[in-house]
Amino acid sequence: MVLHAESAPPPGRGPREIDVLLRAFPTGKLSEIVGPSSSGGSSLLLALIARATISGDQVAVVDAADAFDPSRADAAGVVLSRLLWVKCRGRLALAWTVADLLVRCPGFALIALDVGDLANGESSARAVFRRLQLATEKSAAALVLRAPRPLAGNAAAMVVSVRRLESGWIGVPRPTRFTGLTSEVRVLRDRARSHARPREGDLIEAGWRL
Amino acid sequence: MRRIACLLADPAPPADGMADVTAKPRAGASELLHVALAHSPRVEEGDHGLVYLDVTGLHGLFGDEEQIGRRLVDAAQERGLTVRAGIAGSRISARCACRLGRDGGVTVVEPGGEAAYLASAPLSLLALSPEMDARFARWGIRTLGELAALPSAALFERLGSDGPRLQQLARGEDPRPLSPWEPPVIFEESAELEGGAETLEILAHAVFTLALRISDKLMRRGLFAEQVEWICHLADHTRHEGTFVPACPLNDGVVLASLLETSLEARPPRGAVQSVTLRARPVRVPPAQSSLTDPPHSSPRLITETIARLSALVGDEAIGAPVLLDSHRPDAVRLAPYRRDMHPSDAAGERRPALALRRYRPRLPAAVTLVAGRPVELRSKRMAARIITSAGPWRASGDWWNDSPWLVDEWDVELGDGTLCRLAHDGSAWWLEGIYD
């Protein structure tokens with residue numbers, strides 16, 4: 001089943017399924033957003049952060065690769081004063097420690113762990129994710145990992161993959177403006193809410209504007 | 001009968017014959033406060049560069065009210081300030097006397113004569129809201145006397161409680177008592193370390209004791225520390241100092257001590273410490289649970305401890321709440337100390353489906369081939385590919401008015417492998433700024 005979300009592009013079609021998806025990321029669980037560069041995965045993570053801060057929650061961003069852009073976060077509606085940004089400057093082991101400390105600290109509704117392309121899925125990382133999963137289960141926070149490929153294995157209760165459908169350009173004969181991209185989000189695993197939409201296998205189309 | 005003096009420093013130039021009551025506070029406000037405190041123990045710091053002081057009973061010391069006013073003006077002049085002084089039976093009357101007076105002059109309103117003195121004064125002296133100002137203008141009310149003469153009951157019916165309150169002010173009656181200025185409280189504790197502390201353990205023990213003492217003082221007054229300074233006096237007669245700002249105000253001595261220890265571990269002193277001083281800036285914190293039905297906030301202690309540990313791990317400059325700078329320069333952002341938002345329901349907008357940009361920090365040097373002025377090929381440390389689509393340049397520049405001007409042409413490009421990038425050319429070189437994702 002394919003569901004359309006947001007209005008760009010195509011504009012105005014379909015229900016706001018992206019909100020349904022954002023609500024589906026479970027608290028007290030580790031979730032994973034996987035997809036290659038320019039797929040829209042970081043935009044989906046940004047939407048999650050925006051939703052949490054707008055509703056008054058505190059969010060921590062563990063930025064392993066120092067890649068987070070606050071001006072785009074502001075454009076997404078993120079309330080920056082409710083955001084704790086921890087820059088790990090390419091030190092992956094440090095990012096694991098920071099995430100571990102934050103998960104054990106009550107007060108954050110969402111912990112976004114962005115590892116960029118630093119992690120390559122080695123077995124030691126699996127042990128880290130098992131530890132993070134156990135810590136998250138004792139908290140009220142949602143821990144969401146953004147990585148190009150699946151890293152957490154069975155530790156992740158929810159896994160969504162993001163794929164770029166098309167990029168948007170305006171102008172003929174030569175493009176004069178880049179407007180954004182359209183992604184297809186597929187729910188690969190949803191252990192937490194198997195009875196509710198989106199179910200495993202559901203496809204959601206989302207547009208991200210520049 | 002109470003008598004109030006008002007001092008106004010360096011008033012704004014008169015507009016329509018009157019001083020601008022909405023003027024920003026002027027320089028020298030603290031000097032003016034010093035002048036007032038040298039003459040009366042009861043002083044209130046007002047808005048817009050105003051200071052009020054209670055001059056009741058000062059005639060035995062300084063003479064009559066004219067002389068008191070003259071003395072205040074002269075004392076301010078000695079500090080390089082030009083002030084006006086007004087003395088009357090209430091703050092509003094004294095303030096109006098000040099505004100209606102002349103620079104360097106003293107205006108005394110006789111006791112009981114406030115209403116008559118203010119009758120011809122313009123309504124703008126009350127600093128009304130624009131809506132209220134427009135309403136009175138529609139009614140044809142221009143002076144304080146005209147407002148004072150309106151029937152109180154009818155005024156209440158039309159304006160609610162604001163009506164009688166404004167009418168009282170127009171008559172020179174100010175029901176609010178003077179709110180005396182108090183010096184900011186600083187909690188300070190020091191300890192001498194016999195023979196000098198050469199290890200962090202000894203220093204931490206001393207800091208622990210001091211933190212408990214400060215915590216005890218804070219708790220007794222129902223206050224919390226929002227900032228703690230530590231100063232180590234070293235054996236070589238230099239000082240090693242630092243400031244610690246907890247994410248939430250604290251008054252738990254054990255937590256304060258452990259946070260200070262973490263802060264000292266991150267920046268250990270260079271030599272033996274002969275004495276150590278802790279200085280806490282207190283603040284009053286509203287209760288965490290504002291009503292029975294609200295859920296309690298999470299433990300400030302745990303959050304503060306976690307942030308302190310994270311700061312020690314990643315460095316103070318790598319953790320905080322992002323703040324966008326008022327600039328069009330790419331990546332113009334700074335990190336402010338993270339303070340937990342105590343009012344989560346305030347100031348929230350709506351979510352927008354914005355495209356994220358993953359930045360390279362520092363941005364990567366790139367080699368870009370141009371054909372007909374448009375980029376067609378990109379080579380950098382991270383990627384090398386043909387450019388199939390591009391849009392730009394988007395030109396931005398700034399700071400040309402100071403020593404660090406910048407100019408950048410930004411391009412959005414799509415590579416042959418589907419990667420969407422932002423490139424920048426700063427006039428001399430190309431840079432890969434980030435990847436859209």
# chains A, B, ... in the order shown; residues from 1 in each chain; ligands from 1
>>> interface_residues(of="chain A", to="chain B", cutoff="6 Å", atoms="only C-alpha atoms", output="PyMOL selection string")
chain A and resi 37-40+42-43+50+54+56+67-68+72+76-77+81+83-87+106-107+175-177+208-210
>>> write_last_selection(atoms="C-alpha atoms", output="JSON list (two decimals), in the first residue's frame")
[["chain", "number", "residue", "atom", "x", "y", "z"],
["A", 37, "SER", "CA", 22.78, 10.04, 1.49],
["A", 38, "SER", "CA", 20.17, 12.35, -0.03],
["A", 39, "SER", "CA", 17.37, 9.87, 0.65],
["A", 40, "GLY", "CA", 15.55, 12.15, 3.12],
["A", 42, "SER", "CA", 17.87, 13.17, 8.10],
["A", 43, "SER", "CA", 14.81, 15.21, 7.12],
["A", 50, "ALA", "CA", 10.42, 19.31, 15.48],
["A", 54, "ILE", "CA", 6.83, 21.83, 19.46],
["A", 56, "GLY", "CA", 7.08, 21.05, 24.71],
["A", 67, "ALA", "CA", 26.79, 17.45, 10.67],
["A", 68, "PHE", "CA", 23.63, 18.87, 12.28],
["A", 72, "ARG", "CA", 17.54, 23.85, 8.70],
["A", 76, "ALA", "CA", 11.61, 22.59, 10.13],
["A", 77, "GLY", "CA", 9.99, 24.25, 13.15],
["A", 81, "SER", "CA", 15.87, 26.35, 23.04],
["A", 83, "LEU", "CA", 17.37, 21.18, 22.03],
["A", 84, "LEU", "CA", 20.59, 19.93, 23.54],
["A", 85, "TRP", "CA", 23.19, 19.55, 20.80],
["A", 86, "VAL", "CA", 26.21, 17.41, 21.63],
["A", 87, "LYS", "CA", 28.95, 17.46, 19.01],
["A", 106, "PRO", "CA", 15.24, 11.35, 32.67],
["A", 107, "GLY", "CA", 14.07, 14.59, 31.10],
["A", 175, "PRO", "CA", 17.02, 24.58, -13.54],
["A", 176, "THR", "CA", 17.21, 27.79, -11.58],
["A", 177, "ARG", "CA", 16.12, 26.55, -8.18],
["A", 208, "TRP", "CA", 10.85, 17.73, 2.04],
["A", 209, "ARG", "CA", 11.17, 21.34, 0.92],
["A", 210, "LEU", "CA", 14.27, 23.49, 0.82]]
>>> select_by_dssp(residues="range 24-264 of chain B", states="alpha helix (DSSP H)", output="MDAnalysis selection string")
chainID B and resid 29:37 59:62 65:78 91:100 114:118 130:139 144:148 152:159 162:170 200:220 253:264
>>> select_by_dssp(residues="range 17-210 of chain A", states="strand (DSSP E)", output="number ranges by chain")
A: 30-34, 59-63, 83-87, 110-114, 142-147, 158-170, 177-190, 203-209
>>> residues_around(residues="Ile68 in chain B", least_positions_apart="5", cutoff="8 Å", atoms="only C-alpha atoms", output="list in words")
Leu58, His59, Phe62 and Gly63 of chain B
>>> residues_around(residues="Arg189 in chain A", least_positions_apart="4", cutoff="8 Å", atoms="only C-alpha atoms", output="PyMOL selection string")
chain A and resi 157-160+200-201
>>> write_last_selection(atoms="N, CA, C and O atoms", output="short mmCIF file (atom, residue, chain, number, x, y, z; two decimals), in the first residue's frame")
data_model
loop_
_atom_site.label_atom_id
_atom_site.label_comp_id
_atom_site.auth_asym_id
_atom_site.auth_seq_id
_atom_site.Cartn_x
_atom_site.Cartn_y
_atom_site.Cartn_z
N ALA A 157 13.56 -1.75 17.86
CA ALA A 157 12.16 -2.18 17.88
C ALA A 157 11.45 -1.72 16.62
O ALA A 157 10.48 -2.33 16.19
N MET A 158 11.92 -0.62 16.06
CA MET A 158 11.29 -0.11 14.83
C MET A 158 12.39 0.26 13.85
O MET A 158 13.36 0.93 14.22
N VAL A 159 12.24 -0.14 12.63
CA VAL A 159 13.22 0.20 11.59
C VAL A 159 12.44 0.73 10.39
O VAL A 159 11.50 0.08 9.92
N VAL A 160 12.81 1.92 9.94
CA VAL A 160 12.22 2.42 8.70
C VAL A 160 13.35 2.70 7.72
O VAL A 160 14.42 3.17 8.12
N GLU A 200 4.10 -3.03 9.38
CA GLU A 200 5.30 -3.45 8.65
C GLU A 200 4.97 -3.60 7.18
O GLU A 200 3.94 -4.17 6.82
N GLY A 201 5.83 -3.08 6.35
CA GLY A 201 5.61 -3.18 4.91
C GLY A 201 4.91 -1.98 4.32
O GLY A 201 4.90 -1.81 3.10
#
>>> residues_around(residues="range 368-374 of chain B", least_positions_apart="4", cutoff="8 Å", atoms="only C-alpha atoms", output="PyMOL selection string")
chain B and resi 378-379+390+430
>>> closest_residue(among="A:Ser167, A:Pro198, A:Gly180, A:Ala135", to="Leu415 in chain B", atoms="only C-alpha atoms")
A:Ser167
>>> residues_around(residues="Ala119 in chain B", least_positions_apart="2", cutoff="12 Å", atoms="only C-alpha atoms", output="count of residues only")
25
>>> residues_around(residues="Trp96 in chain A", least_positions_apart="2", cutoff="10 Å", atoms="only C-alpha atoms", output="number ranges by chain")
A: 62, 64, 88, 91-94, 98-102, 113, 115, 125, 128-129, 131-132
